[in-house]
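Asks: My structure is stored as structure_33.pdb, with PDB, C-alpha atoms.
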```
ATOM      1  CA  MET J   1     -65.221 205.218 -15.876
ATOM      2  CA  THR J   2     -66.202 201.765 -14.569
ATOM      3  CA  SER J   3     -68.604 203.255 -12.025
ATOM      4  CA  PHE J   4     -70.249 205.172 -14.860
ATOM      5  CA  GLU J   5     -70.434 201.962 -16.899
ATOM      6  CA  LYS J   6     -72.158 200.281 -13.954
ATOM      7  CA  LYS J   7     -74.541 203.233 -13.711
ATOM      8  CA  ILE J   8     -75.401 202.915 -17.413
ATOM      9  CA  ARG J   9     -75.968 199.147 -17.105
ATOM     10  CA  LYS J  10     -78.226 199.771 -14.092
ATOM     11  CA  ARG J  11     -80.109 202.421 -16.080
ATOM     12  CA  ILE J  12     -80.635 199.973 -18.977
ATOM     13  CA  ARG J  13     -82.053 197.387 -16.534
ATOM     14  CA  LEU J  14     -84.338 199.997 -14.916
ATOM     15  CA  ILE J  15     -85.600 201.317 -18.264
ATOM     16  CA  THR J  16     -86.267 197.745 -19.447
ATOM     17  CA  TRP J  17     -88.256 196.949 -16.295
ATOM     18  CA  TYR J  18     -90.078 200.264 -16.468
ATOM     19  CA  GLY J  19     -90.946 199.672 -20.138
ATOM     20  CA  VAL J  20     -92.106 196.079 -19.596
ATOM     21  CA  LEU J  21     -94.194 196.958 -16.518
ATOM     22  CA  SER J  22     -95.762 200.031 -18.153
ATOM     23  CA  VAL J  23     -96.621 198.096 -21.308
ATOM     24  CA  ALA J  24     -98.099 195.282 -19.168
ATOM     25  CA  VAL J  25    -100.232 197.764 -17.163
ATOM     26  CA  ILE J  26    -101.412 199.477 -20.359
ATOM     27  CA  GLY J  27    -102.142 196.062 -21.926
ATOM     28  CA  ILE J  28    -104.223 195.024 -18.904
ATOM     29  CA  ALA J  29    -106.071 198.370 -18.922
ATOM     30  CA  PHE J  30    -106.683 197.969 -22.657
ATOM     31  CA  PHE J  31    -108.182 194.484 -22.222
ATOM     32  CA  ILE J  32    -110.324 195.611 -19.278
ATOM     33  CA  ARG J  33    -111.643 198.430 -21.449
ATOM     34  CA  MET J  34    -112.233 196.043 -24.352
ATOM     35  CA  ASN J  35    -114.011 193.661 -21.973
ATOM     36  CA  MET J  36    -116.315 196.502 -20.919
ATOM     37  CA  THR J  37    -117.247 197.186 -24.551
ATOM     38  CA  GLY J  38    -117.700 193.472 -25.392
ATOM     39  CA  TYR J  39    -114.385 193.194 -27.322
ATOM     40  CA  VAL J  40    -115.645 195.506 -30.040
ATOM     41  CA  LEU J  41    -113.095 198.086 -31.163
ATOM     42  CA  ASP J  42    -114.954 201.368 -30.905
ATOM     43  CA  THR J  43    -113.149 204.067 -32.868
ATOM     44  CA  GLN J  44    -115.169 206.731 -31.018
ATOM     45  CA  ASP J  45    -113.730 205.572 -27.676
ATOM     46  CA  ASN J  46    -111.100 208.164 -26.730
ATOM     47  CA  LYS J  47    -109.653 206.051 -23.916
ATOM     48  CA  LEU J  48    -108.453 203.402 -26.383
ATOM     49  CA  PHE J  49    -106.452 206.032 -28.250
ATOM     50  CA  ILE J  50    -105.014 207.286 -24.959
ATOM     51  CA  PHE J  51    -103.835 203.709 -24.213
ATOM     52  CA  LEU J  52    -102.377 203.372 -27.709
ATOM     53  CA  GLY J  53    -100.613 206.724 -27.448
ATOM     54  CA  ALA J  54     -99.169 205.900 -24.024
ATOM     55  CA  PHE J  55     -98.131 202.437 -25.259
ATOM     56  CA  TRP J  56     -96.203 203.694 -28.270
ATOM     57  CA  GLY J  57     -94.810 206.653 -26.318
ATOM     58  CA  ILE J  58     -93.337 204.405 -23.640
ATOM     59  CA  VAL J  59     -92.084 201.804 -26.149
ATOM     60  CA  ILE J  60     -90.387 204.378 -28.395
ATOM     61  CA  THR J  61     -88.736 206.346 -25.544
ATOM     62  CA  SER J  62     -87.581 203.172 -23.771
ATOM     63  CA  VAL J  63     -86.132 201.615 -26.944
ATOM     64  CA  THR J  64     -84.437 204.875 -27.983
ATOM     65  CA  ARG J  65     -82.809 205.330 -24.576
ATOM     66  CA  ILE J  66     -81.724 201.684 -24.366
ATOM     67  CA  MET J  67     -80.203 201.872 -27.857
ATOM     68  CA  ARG J  68     -78.334 205.080 -26.945
ATOM     69  CA  PHE J  69     -76.921 203.566 -23.743
ATOM     70  CA  ARG J  70     -75.995 200.267 -25.416
ATOM     71  CA  LYS J  71     -74.198 202.176 -28.166
ATOM     72  CA  ALA J  72     -72.305 204.123 -25.481
ATOM     73  CA  LEU J  73     -71.279 200.898 -23.715
ATOM     74  CA  LYS J  74     -69.809 199.498 -26.930
ATOM     75  CA  ASN J  75     -67.704 202.552 -27.738
ATOM     76  CA  ARG J  76     -65.243 204.096 -25.261
ATOM     77  CA  ASP J  77     -65.348 207.553 -26.890
ATOM     78  CA  THR J  78     -69.157 207.694 -26.928
ATOM     79  CA  LEU J  79     -69.221 206.593 -23.296
ATOM     80  CA  GLU J  80     -66.765 209.324 -22.333
ATOM     81  CA  GLU J  81     -68.777 211.868 -24.320
ATOM     82  CA  LEU J  82     -71.949 210.818 -22.493
ATOM     83  CA  HIS J  83     -70.122 210.962 -19.150
ATOM     84  CA  ILE J  84     -68.863 214.490 -19.849
ATOM     85  CA  LYS J  85     -72.307 215.586 -21.058
ATOM     86  CA  GLU J  86     -73.982 214.265 -17.911
ATOM     87  CA  THR J  87     -71.432 215.493 -15.401
ATOM     88  CA  ASP J  88     -70.678 218.842 -17.022
ATOM     89  CA  GLU J  89     -71.173 221.443 -14.284
ATOM     90  CA  ARG J  90     -72.723 224.044 -16.610
ATOM     91  CA  ASN J  91     -75.297 221.508 -17.796
ATOM     92  CA  CYS J  92     -76.074 220.669 -14.148
ATOM     93  CA  ALA J  93     -76.409 224.382 -13.332
ATOM     94  CA  ILE J  94     -78.742 224.859 -16.322
ATOM     95  CA  THR J  95     -80.893 221.925 -15.171
ATOM     96  CA  LEU J  96     -81.047 223.362 -11.639
ATOM     97  CA  LYS J  97     -82.020 226.822 -12.895
ATOM     98  CA  THR J  98     -84.622 225.318 -15.232
ATOM     99  CA  CYS J  99     -86.161 223.238 -12.417
ATOM    100  CA  ARG J 100     -86.190 226.175 -10.021
ATOM    101  CA  THR J 101     -87.835 228.488 -12.555
ATOM    102  CA  CYS J 102     -90.292 225.772 -13.536
ATOM    103  CA  VAL J 103     -91.348 225.162  -9.910
ATOM    104  CA  THR J 104     -91.754 228.891  -9.249
ATOM    105  CA  ALA J 105     -93.793 229.339 -12.445
ATOM    106  CA  THR J 106     -95.932 226.276 -11.604
ATOM    107  CA  ILE J 107     -96.689 227.614  -8.115
ATOM    108  CA  ILE J 108     -97.569 231.084  -9.446
ATOM    109  CA  LEU J 109     -99.730 229.691 -12.264
ATOM    110  CA  LEU J 110    -101.518 227.281  -9.905
ATOM    111  CA  ALA J 111    -102.221 230.090  -7.427
ATOM    112  CA  VAL J 112    -103.486 232.480 -10.122
ATOM    113  CA  GLY J 113    -105.481 229.651 -11.742
ATOM    114  CA  ALA J 114    -107.054 228.710  -8.405
ATOM    115  CA  ILE J 115    -108.029 232.338  -7.689
ATOM    116  CA  VAL J 116    -109.571 232.764 -11.157
ATOM    117  CA  ALA J 117    -111.314 229.353 -10.989
ATOM    118  CA  SER J 118    -112.787 230.158  -7.565
ATOM    119  CA  MET J 119    -115.035 232.696  -9.312
ATOM    120  CA  PHE J 120    -116.411 230.176 -11.836
ATOM    121  CA  HIS J 121    -116.026 226.542 -10.789
ATOM    122  CA  THR J 122    -115.649 225.090  -7.280
ATOM    123  CA  VAL J 123    -114.314 221.668  -8.422
ATOM    124  CA  VAL J 124    -111.591 223.237 -10.584
ATOM    125  CA  PHE J 125    -110.730 225.623  -7.746
ATOM    126  CA  LEU J 126    -110.408 222.752  -5.242
ATOM    127  CA  THR J 127    -108.362 220.627  -7.680
ATOM    128  CA  LEU J 128    -105.927 223.474  -8.357
ATOM    129  CA  GLY J 129    -105.867 224.395  -4.663
ATOM    130  CA  TYR J 130    -105.036 220.858  -3.519
ATOM    131  CA  THR J 131    -102.407 220.524  -6.261
ATOM    132  CA  LEU J 132    -100.855 223.784  -5.085
ATOM    133  CA  ILE J 133    -100.804 222.556  -1.476
ATOM    134  CA  VAL J 134     -99.171 219.253  -2.517
ATOM    135  CA  VAL J 135     -96.538 221.064  -4.628
ATOM    136  CA  LEU J 136     -95.798 223.483  -1.761
ATOM    137  CA  LEU J 137     -95.541 220.663   0.800
ATOM    138  CA  LEU J 138     -93.264 218.699  -1.523
ATOM    139  CA  TYR J 139     -91.128 221.791  -2.087
ATOM    140  CA  LEU J 140     -90.854 222.514   1.638
ATOM    141  CA  GLY J 141     -90.148 218.870   2.481
ATOM    142  CA  LEU J 142     -87.394 218.597  -0.116
ATOM    143  CA  ASN J 143     -85.980 221.966   0.913
ATOM    144  CA  ILE J 144     -85.688 220.809   4.554
ATOM    145  CA  TYR J 145     -84.229 217.452   3.467
ATOM    146  CA  PHE J 146     -81.559 219.005   1.244
ATOM    147  CA  SER J 147     -80.780 221.696   3.847
ATOM    148  CA  LYS J 148     -79.956 218.938   6.305
ATOM    149  CA  THR J 149     -78.116 216.607   3.937
ATOM    150  CA  SER J 150     -76.130 219.136   1.878
TER
ATOM    151  CA  MET M   1     -65.865 236.708 -14.250
ATOM    152  CA  LYS M   2     -62.940 237.684 -16.450
ATOM    153  CA  THR M   3     -60.551 234.887 -17.368
ATOM    154  CA  LYS M   4     -57.365 234.441 -19.363
ATOM    155  CA  ILE M   5     -58.473 231.073 -20.726
ATOM    156  CA  ARG M   6     -58.712 232.194 -24.366
ATOM    157  CA  GLU M   7     -55.344 233.901 -24.211
ATOM    158  CA  LEU M   8     -53.643 230.913 -22.583
ATOM    159  CA  ARG M   9     -55.354 228.490 -24.940
ATOM    160  CA  ASN M  10     -54.191 230.450 -27.975
ATOM    161  CA  LYS M  11     -50.679 230.585 -26.552
ATOM    162  CA  LYS M  12     -50.720 226.789 -26.141
ATOM    163  CA  ARG M  13     -52.318 226.388 -29.594
ATOM    164  CA  ILE M  14     -55.128 224.152 -28.426
ATOM    165  CA  THR M  15     -58.789 224.195 -29.360
ATOM    166  CA  GLN M  16     -61.753 224.640 -27.016
ATOM    167  CA  GLU M  17     -62.639 220.997 -27.686
ATOM    168  CA  GLU M  18     -59.186 219.795 -26.580
ATOM    169  CA  LEU M  19     -59.262 221.873 -23.404
ATOM    170  CA  ALA M  20     -62.814 220.721 -22.678
ATOM    171  CA  LYS M  21     -61.782 217.077 -23.031
ATOM    172  CA  ALA M  22     -58.752 217.587 -20.801
ATOM    173  CA  VAL M  23     -60.792 219.065 -17.943
ATOM    174  CA  HIS M  24     -63.866 216.831 -18.503
ATOM    175  CA  VAL M  25     -66.453 219.434 -19.464
ATOM    176  CA  THR M  26     -68.298 220.232 -22.685
ATOM    177  CA  ARG M  27     -66.987 222.694 -25.258
ATOM    178  CA  HIS M  28     -69.967 224.928 -24.474
ATOM    179  CA  THR M  29     -68.729 225.346 -20.898
ATOM    180  CA  ILE M  30     -65.301 226.497 -22.106
ATOM    181  CA  MET M  31     -66.999 228.848 -24.551
ATOM    182  CA  ALA M  32     -69.233 230.261 -21.767
ATOM    183  CA  LEU M  33     -66.188 230.729 -19.501
ATOM    184  CA  GLU M  34     -64.259 232.527 -22.231
ATOM    185  CA  ASN M  35     -67.228 234.781 -22.971
ATOM    186  CA  GLU M  36     -67.689 235.522 -19.233
ATOM    187  CA  LYS M  37     -71.185 234.072 -19.242
ATOM    188  CA  TYR M  38     -70.501 231.369 -16.684
ATOM    189  CA  ILE M  39     -68.501 231.267 -13.450
ATOM    190  CA  ALA M  40     -66.469 228.114 -12.958
ATOM    191  CA  SER M  41     -66.763 226.127  -9.760
ATOM    192  CA  LEU M  42     -63.670 225.796  -7.582
ATOM    193  CA  PRO M  43     -62.850 222.225  -8.790
ATOM    194  CA  LEU M  44     -63.176 223.281 -12.449
ATOM    195  CA  ALA M  45     -61.123 226.437 -11.890
ATOM    196  CA  TYR M  46     -58.473 224.269 -10.236
ATOM    197  CA  LYS M  47     -58.479 221.765 -13.110
ATOM    198  CA  ILE M  48     -58.136 224.512 -15.742
ATOM    199  CA  SER M  49     -55.370 226.271 -13.825
ATOM    200  CA  ARG M  50     -53.531 222.996 -13.321
ATOM    201  CA  PHE M  51     -53.868 222.261 -17.038
ATOM    202  CA  PHE M  52     -52.081 225.535 -17.845
ATOM    203  CA  GLY M  53     -49.633 225.056 -14.966
ATOM    204  CA  LEU M  54     -50.598 228.331 -13.332
ATOM    205  CA  PRO M  55     -52.179 229.343 -10.020
ATOM    206  CA  ILE M  56     -55.976 229.997 -10.069
ATOM    207  CA  GLU M  57     -55.605 233.746  -9.555
ATOM    208  CA  GLU M  58     -53.492 234.016 -12.713
ATOM    209  CA  VAL M  59     -56.147 232.372 -14.883
ATOM    210  CA  PHE M  60     -59.245 233.816 -13.236
ATOM    211  CA  ASP M  61     -59.679 237.442 -12.252
ATOM    212  CA  LEU M  62     -60.868 237.214  -8.655
ATOM    213  CA  SER M  63     -61.123 240.977  -8.131
ATOM    214  CA  GLU M  64     -64.837 240.939  -8.993
ATOM    215  CA  VAL M  65     -65.626 237.928  -6.832
ATOM    216  CA  GLU M  66     -67.596 239.981  -4.283
ATOM    217  CA  ASP M  67     -69.901 241.391  -6.958
ATOM    218  CA  ILE M  68     -71.090 237.989  -8.156
ATOM    219  CA  ASP M  69     -74.865 237.882  -8.137
ATOM    220  CA  TYR M  70     -76.329 234.419  -7.644
ATOM    221  CA  ASP M  71     -79.689 235.297  -9.150
ATOM    222  CA  ILE M  72     -82.789 233.130  -8.803
ATOM    223  CA  PHE M  73     -83.709 233.225 -12.487
TER
END
```
Mind turning this structure into C-alpha cells?
Replies:
Amino acid sequence: MTSFEKKIRKRIRLITWYGVLSVAVIGIAFFIRMNMTGYVLDTQDNKLFIFLGAFWGIVITSVTRIMRFRKALKNRDTLEELHIKETDERNCAITLKTCRTCVTATIILLAVGAIVASMFHTVVFLTLGYTLIVVLLLYLGLNIYFSKTS
Amino acid sequence: MKTKIRELRNKKRITQEELAKAVHVTRHTIMALENEKYIASLPLAYKISRFFGLPIEEVFDLSEVEDIDYDIF
C-alpha cells in the first residue's frame, strides 16, 4: 500500500501545481483582456465569461480531487477502497472499452463531418480533416508504441 | 464463462463484499463474474481459486474457453 500512498501524494502535488499554473495563466489572460478593454468590465464580452468559467471549473475540480485524496490518506479503509476501485480489473476493462469505442466514434464522426462540410464550408472541412489526420496519426503512433512495449 | 463462485461463496457463508475485499476487486466484479457477464483474468481466477482452496478448473468452467469472443465494442 505504501507505493499507492506515494502515488496519491504525487497526484496531490501534481494537481496542486496544475491548479496553480492554470489559475495563473487564466489570471494573466484575464488581465490582458481587461487591459485591452481599458479595465472596464464589459458584461457583453463573452471571453471574460469563458475565463471565469474555466477558472472556477479548474478550482472546483482541483480542490475536490485534493480533498478526496487527502481524506483517503488519513483513513486506511478509504485508501484501500480507492486502491481497489482504481486497480479493479473490470473497471480497467470498462475504461479500455470506453476509450476504444470513443476513439472509433470520434474518427467516424470526424470523417462524416468532414465529408458533409466539404460541400458547404472549406475552412470547416479543412479543420475537421486536419483533426482527423492528427487523431489517426496519434492512434497509429500509440498503437505501434504499445505493440512494441507490451 | 460459467463459474461456481456463487455456490462456493454460499457454502462458505461469505458475502460478495467479503470475497471482493479478499481478492482485491470491487463487489461489482464479483457480481459480474457470478452472473457470467465478465471473464476473470488469469491472476484474478488464481486469487479466487486460492481463496476457496480449489484448483482453477474446479471454480471456473474452462470448457467454453475457445468460444470466448473478444469483441471490439
Asks: Using only C-alpha atoms, which of M:Ile5, M:Ile14, M:Leu62, M:Ala20 sits nearest Lys85 of chain J?
Replies: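 Looking at the shortest contact to Lys85 of chain J, the residue is M:Ala20.
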Asks: Dump as a PyMOL selection string the residues of chain M that approach chain J to within 7 Å, counting all atoms listed in the file.
Replies: chain M and resi 24-26+29+73
Asks: How many Å separate atom CA of Phe31 of chain J from atom CA of Trp56 of chain J?
Replies: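 These atoms are spaced 16.3 Å apart.
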Asks: Which of these residues is nearest to Phe60 of chain M, using only C-alpha atoms: M:Asn10, M:Lys21, M:Leu44, M:Arg27?
Replies: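 Checking each of M:Asn10, M:Lys21, M:Leu44, M:Arg27 against Phe60 of chain M, counting only C-alpha atoms, the winner is M:Leu44.
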Asks: Carefully work through the PyMOL selection byres ((chain J and resi 58) around 12) for this structure and note down the residues it includes, as an NGL selection string.
Replies: :J and (15-26 or 51-57 or 59-66)
Asks: Go ahead and dump the residues you just picked, C-alpha atoms, as a compact mmCIF listing (two decimals), keeping the file's coordinate frame.
Replies:
```txt
# COMPACT_ATOMS: atom_id res chain seq x y z
CA ILE J 15 -85.60 201.32 -18.26
CA THR J 16 -86.27 197.74 -19.45
CA TRP J 17 -88.26 196.95 -16.30
CA TYR J 18 -90.08 200.26 -16.47
CA GLY J 19 -90.95 199.67 -20.14
CA VAL J 20 -92.11 196.08 -19.60
CA LEU J 21 -94.19 196.96 -16.52
CA SER J 22 -95.76 200.03 -18.15
CA VAL J 23 -96.62 198.10 -21.31
CA ALA J 24 -98.10 195.28 -19.17
CA VAL J 25 -100.23 197.76 -17.16
CA ILE J 26 -101.41 199.48 -20.36
CA PHE J 51 -103.84 203.71 -24.21
CA LEU J 52 -102.38 203.37 -27.71
CA GLY J 53 -100.61 206.72 -27.45
CA ALA J 54 -99.17 205.90 -24.02
CA PHE J 55 -98.13 202.44 -25.26
CA TRP J 56 -96.20 203.69 -28.27
CA GLY J 57 -94.81 206.65 -26.32
CA VAL J 59 -92.08 201.80 -26.15
CA ILE J 60 -90.39 204.38 -28.40
CA THR J 61 -88.74 206.35 -25.54
CA SER J 62 -87.58 203.17 -23.77
CA VAL J 63 -86.13 201.62 -26.94
CA THR J 64 -84.44 204.88 -27.98
CA ARG J 65 -82.81 205.33 -24.58
CA ILE J 66 -81.72 201.68 -24.37
```
Asks: Please provide as a ChimeraX atom specification all residues within 8 Å of Leu73 of chain J, with the sequence filter that same-chain residues fewer than 4 positions apart are discarded (counting all atoms listed in the file).
Replies: /J:5,8,69,78-79
Asks: If I take atom CA of Tyr38 of chain M and atom CA of Val23 of chain M, how far is one from the other in Å, to one decimal?
Replies: 15.7 Å
